[in-house]
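What follows is a set of notes on a single structure, which appears directly below.
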Amino acid sequence: MMGGVSEGKAGYVNSDIGKALRLNGNVSTANNGGFIQVRIDVASGIAKGKTGIVLKARGNGEQYFLHLRNSSTLLPWQYYQAGFQTSQNWREIRLPFENFKKSSTFINSAVNVDTIKSIGIVAFGKNYYADISVIYLDFY
């Protein structure tokens with residue numbers, strides 16, 4: 001999924017430690033755009049009782065974001081967001097649910113983890129070349 005004139009692609013690639021999901025492309029803020037993302041649906045209630053999300057990722061040194069959508073995020077621009085920094089080396093990143101901030105005043109302040117519907121890996125907010133790979137992503 002892309003916004004404005006941003007161009008990106010996502011797919012599985014073989015890495016030095018296994019199969020990874022790679023998102024890469026040009027993020028452009030022109031034409032009210034500025035993002036590329038790959039999003040996966042999650043089973044209802046899968047995060048119940050969990051405290052956060054853990055992923056193993058590497059990238060090109062840029063900041064990326066996870067976007068969570070749940071039963072209170074009805075509009076496309078509504079989500080809960082937490083950022084993380086990448087490096088060229090694989091590293092495990094833990095993002096507690098309390099670190100996710102709402103994108104809109106019209107949704108609850110804290111994400112209701114019991115109703116998470118999807119997780120997006122997102123590059124946005126400035127003009128740059130995005131390149132991130134994720135080996136795994138799970139709840140903890």
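In the structure tokens, the first chain shown is A, the next is B, and so on; residue numbers restart at 1 for each chain, and ligands run from 1 in the order shown.
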Which residues of range 46-94 of chain A sit at most 12 Å from range 107-116 of chain A, using only C-alpha atoms? Give each one's shortest atom pair and distance in Å (one decimal place), in chain and ascending residue order, as a Markdown table.
| residue | atom | partner | partner_atom | distance |
| --- | --- | --- | --- | --- |
| A:Ile46 | CA | A:Asp114 | CA | 7.3 |
| A:Ala47 | CA | A:Val113 | CA | 5.8 |
| A:Lys48 | CA | A:Asp114 | CA | 4.7 |
| A:Gly49 | CA | A:Asp114 | CA | 7.8 |
| A:Lys50 | CA | A:Val113 | CA | 7.8 |
| A:Thr51 | CA | A:Val113 | CA | 8.5 |
| A:Gly52 | CA | A:Val113 | CA | 8.9 |
| A:Ile53 | CA | A:Val113 | CA | 10.7 |
| A:His67 | CA | A:Ile116 | CA | 10.5 |
| A:Leu68 | CA | A:Ile116 | CA | 6.7 |
| A:Arg69 | CA | A:Ile116 | CA | 5.8 |
| A:Asn70 | CA | A:Ile116 | CA | 4.1 |
| A:Ser71 | CA | A:Thr115 | CA | 5.6 |
| A:Ser72 | CA | A:Ile107 | CA | 6.0 |
| A:Thr73 | CA | A:Ile107 | CA | 6.7 |
| A:Leu74 | CA | A:Ile107 | CA | 9.0 |
| A:Leu75 | CA | A:Ile107 | CA | 10.1 |
| A:Trp77 | CA | A:Ile107 | CA | 11.0 |
| A:Gln78 | CA | A:Ile107 | CA | 7.6 |
| A:Tyr79 | CA | A:Ile107 | CA | 8.5 |
| A:Tyr80 | CA | A:Val111 | CA | 6.7 |
| A:Gln81 | CA | A:Val111 | CA | 9.7 |
| A:Ala82 | CA | A:Val111 | CA | 11.4 |
Write a file of the selected residues as a CSV table (one decimal), in the first residue's frame, keeping N, CA and C atoms.
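Dumped everything to out-v4.csv:
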chain,number,residue,atom,x,y,z
A,46,ILE,N,-5.6,-12.6,19.5
A,46,ILE,CA,-4.3,-13.2,19.5
A,46,ILE,C,-3.3,-12.5,20.5
A,47,ALA,N,-3.5,-11.2,20.7
A,47,ALA,CA,-2.6,-10.4,21.6
A,47,ALA,C,-3.1,-10.3,23.0
A,48,LYS,N,-4.3,-10.9,23.3
A,48,LYS,CA,-4.9,-10.8,24.6
A,48,LYS,C,-3.8,-11.3,25.7
A,49,GLY,N,-3.6,-10.5,26.7
A,49,GLY,CA,-2.7,-10.9,27.8
A,49,GLY,C,-1.3,-10.6,27.5
A,50,LYS,N,-1.0,-10.1,26.3
A,50,LYS,CA,0.4,-9.8,25.9
A,50,LYS,C,0.7,-8.4,26.2
A,51,THR,N,2.0,-8.0,26.3
A,51,THR,CA,2.4,-6.7,26.7
A,51,THR,C,3.1,-5.9,25.6
A,52,GLY,N,3.4,-6.5,24.4
A,52,GLY,CA,4.0,-5.8,23.4
A,52,GLY,C,4.3,-6.6,22.1
A,53,ILE,N,5.1,-6.1,21.2
A,53,ILE,CA,5.4,-6.7,20.0
A,53,ILE,C,6.9,-6.8,19.9
A,67,HIS,N,2.3,0.1,12.8
A,67,HIS,CA,1.0,0.7,12.9
A,67,HIS,C,0.0,-0.4,13.3
A,68,LEU,N,-0.7,-0.3,14.4
A,68,LEU,CA,-1.7,-1.2,14.8
A,68,LEU,C,-3.1,-0.7,14.5
A,69,ARG,N,-3.9,-1.5,14.0
A,69,ARG,CA,-5.3,-1.1,13.8
A,69,ARG,C,-6.1,-2.1,14.6
A,70,ASN,N,-7.2,-1.6,15.3
A,70,ASN,CA,-8.1,-2.4,16.1
A,70,ASN,C,-9.5,-2.0,15.9
A,71,SER,N,-10.4,-2.5,16.7
A,71,SER,CA,-11.8,-2.2,16.5
A,71,SER,C,-12.2,-0.8,16.6
A,72,SER,N,-11.4,0.1,17.2
A,72,SER,CA,-11.7,1.5,17.3
A,72,SER,C,-11.1,2.3,16.2
A,73,THR,N,-10.3,1.7,15.3
A,73,THR,CA,-9.7,2.5,14.2
A,73,THR,C,-10.5,2.2,12.9
A,74,LEU,N,-11.5,3.0,12.7
A,74,LEU,CA,-12.5,2.7,11.6
A,74,LEU,C,-12.0,3.4,10.3
A,75,LEU,N,-11.4,4.5,10.4
A,75,LEU,CA,-11.0,5.3,9.2
A,75,LEU,C,-9.5,4.9,8.8
A,77,TRP,N,-6.9,6.6,8.2
A,77,TRP,CA,-5.9,7.4,8.9
A,77,TRP,C,-5.8,7.2,10.4
A,78,GLN,N,-6.6,6.3,10.9
A,78,GLN,CA,-6.6,6.0,12.3
A,78,GLN,C,-5.8,4.7,12.6
A,79,TYR,N,-4.8,4.8,13.5
A,79,TYR,CA,-4.0,3.7,13.9
A,79,TYR,C,-3.2,4.1,15.2
A,80,TYR,N,-2.5,3.1,15.8
A,80,TYR,CA,-1.6,3.3,16.9
A,80,TYR,C,-0.2,3.1,16.4
A,81,GLN,N,0.7,4.0,16.7
A,81,GLN,CA,2.0,3.9,16.1
A,81,GLN,C,3.1,3.9,17.1
A,82,ALA,N,4.2,3.1,16.8
A,82,ALA,CA,5.4,3.2,17.6
A,82,ALA,C,6.6,3.1,16.6
Shortest contact to Gly25 in chain A, candidates A:Val5, A:Leu66, A:Val13, A:Ala43, atoms counted only C-alpha atoms, goes to A:Val5
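Residue nearest Val134 in chain A, chosen from A:Val54, A:Ile40, A:Leu21, A:Ala10 and counting only C-alpha atoms: A:Leu21.
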Within 6 Å of Asn24 in chain A, counting only C-alpha atoms, which residues qualify if same-chain residues fewer than 2 places away don't, as a PyMOL selection string?
chain A and resi 8-9+130-131
Residues at most 8 Å from Gln85 in chain A, counting only C-alpha atoms, excluding those fewer than 4 positions away in the same chain, as number ranges by chain?
A: 61-64
Based on the selection just made, write C-alpha atoms of those residues as a PDB file, in the first residue's frame.
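Generated output (selection-v8.pdb):
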ATOM      1  CA  GLY A  61      19.616   3.186   9.266  1.00  0.00           C
ATOM      2  CA  GLU A  62      16.262   4.945   8.943  1.00  0.00           C
ATOM      3  CA  GLN A  63      13.415   5.042  11.419  1.00  0.00           C
ATOM      4  CA  TYR A  64      10.406   2.850  10.664  1.00  0.00           C
TER       5      TYR A  64
END
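Going from CA of Glu92 in chain A over to CA of Gly120 in chain A, you cover 17.3 Å.
The nearest approach to Val38 in chain A among the residues A:Ile121, A:Lys102, A:Leu55, A:Leu95, with only C-alpha atoms taken into account, belongs to A:Ile121.
In terms of minimum interatomic distance to Lys117 in chain A, A:Asp41 ranks closest within A:Glu7, A:Asp138, A:Asp41, A:Glu98, counting only C-alpha atoms.
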Just the strand (DSSP E) stuff from chain A, please, per backbone DSSP, written as JSON, numbers by chain.
{"A": [2, 3, 7, 8, 9, 10, 11, 12, 13, 14, 15, 18, 19, 20, 21, 22, 23, 24, 25, 26, 27, 35, 36, 37, 38, 39, 40, 41, 52, 53, 54, 55, 56, 57, 58, 59, 63, 64, 65, 66, 67, 68, 69, 70, 80, 81, 82, 83, 84, 85, 91, 92, 93, 94, 95, 96, 101, 102, 116, 117, 118, 119, 120, 121, 122, 123, 124, 128, 129, 130, 131, 132, 133, 134, 135, 136, 137, 138, 139]}
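Each of A:Ser103, A:Asn60, A:Asn14, A:Ser44 was compared to Tyr128 in chain A using only C-alpha atoms, and A:Asn60 turns out to be the nearest.
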Would you mind listing what lies within 6 Å of Phe124 in chain A as an NGL selection string, with only C-alpha atoms counted and same-chain residues fewer than 2 positions away left out?
:A and (34-35 or 126)
Atoms kept (C-alpha atoms) for selection, written as a PDB file, in the first residue's frame:
ATOM      1  CA  GLY A  34       4.486  10.147   2.108  1.00  0.00           C
ATOM      2  CA  PHE A  35       4.271   6.460   2.959  1.00  0.00           C
ATOM      3  CA  LYS A 126       9.826  12.406   4.699  1.00  0.00           C
TER       4      LYS A 126
END
Applying 6 Å and only C-alpha atoms, which residues near Val122 in chain A remain after dropping the ones on its own chain fewer than 5 positions away? List them as a list in words.
Ile36, Gln37, Tyr64 and Phe65 of chain A
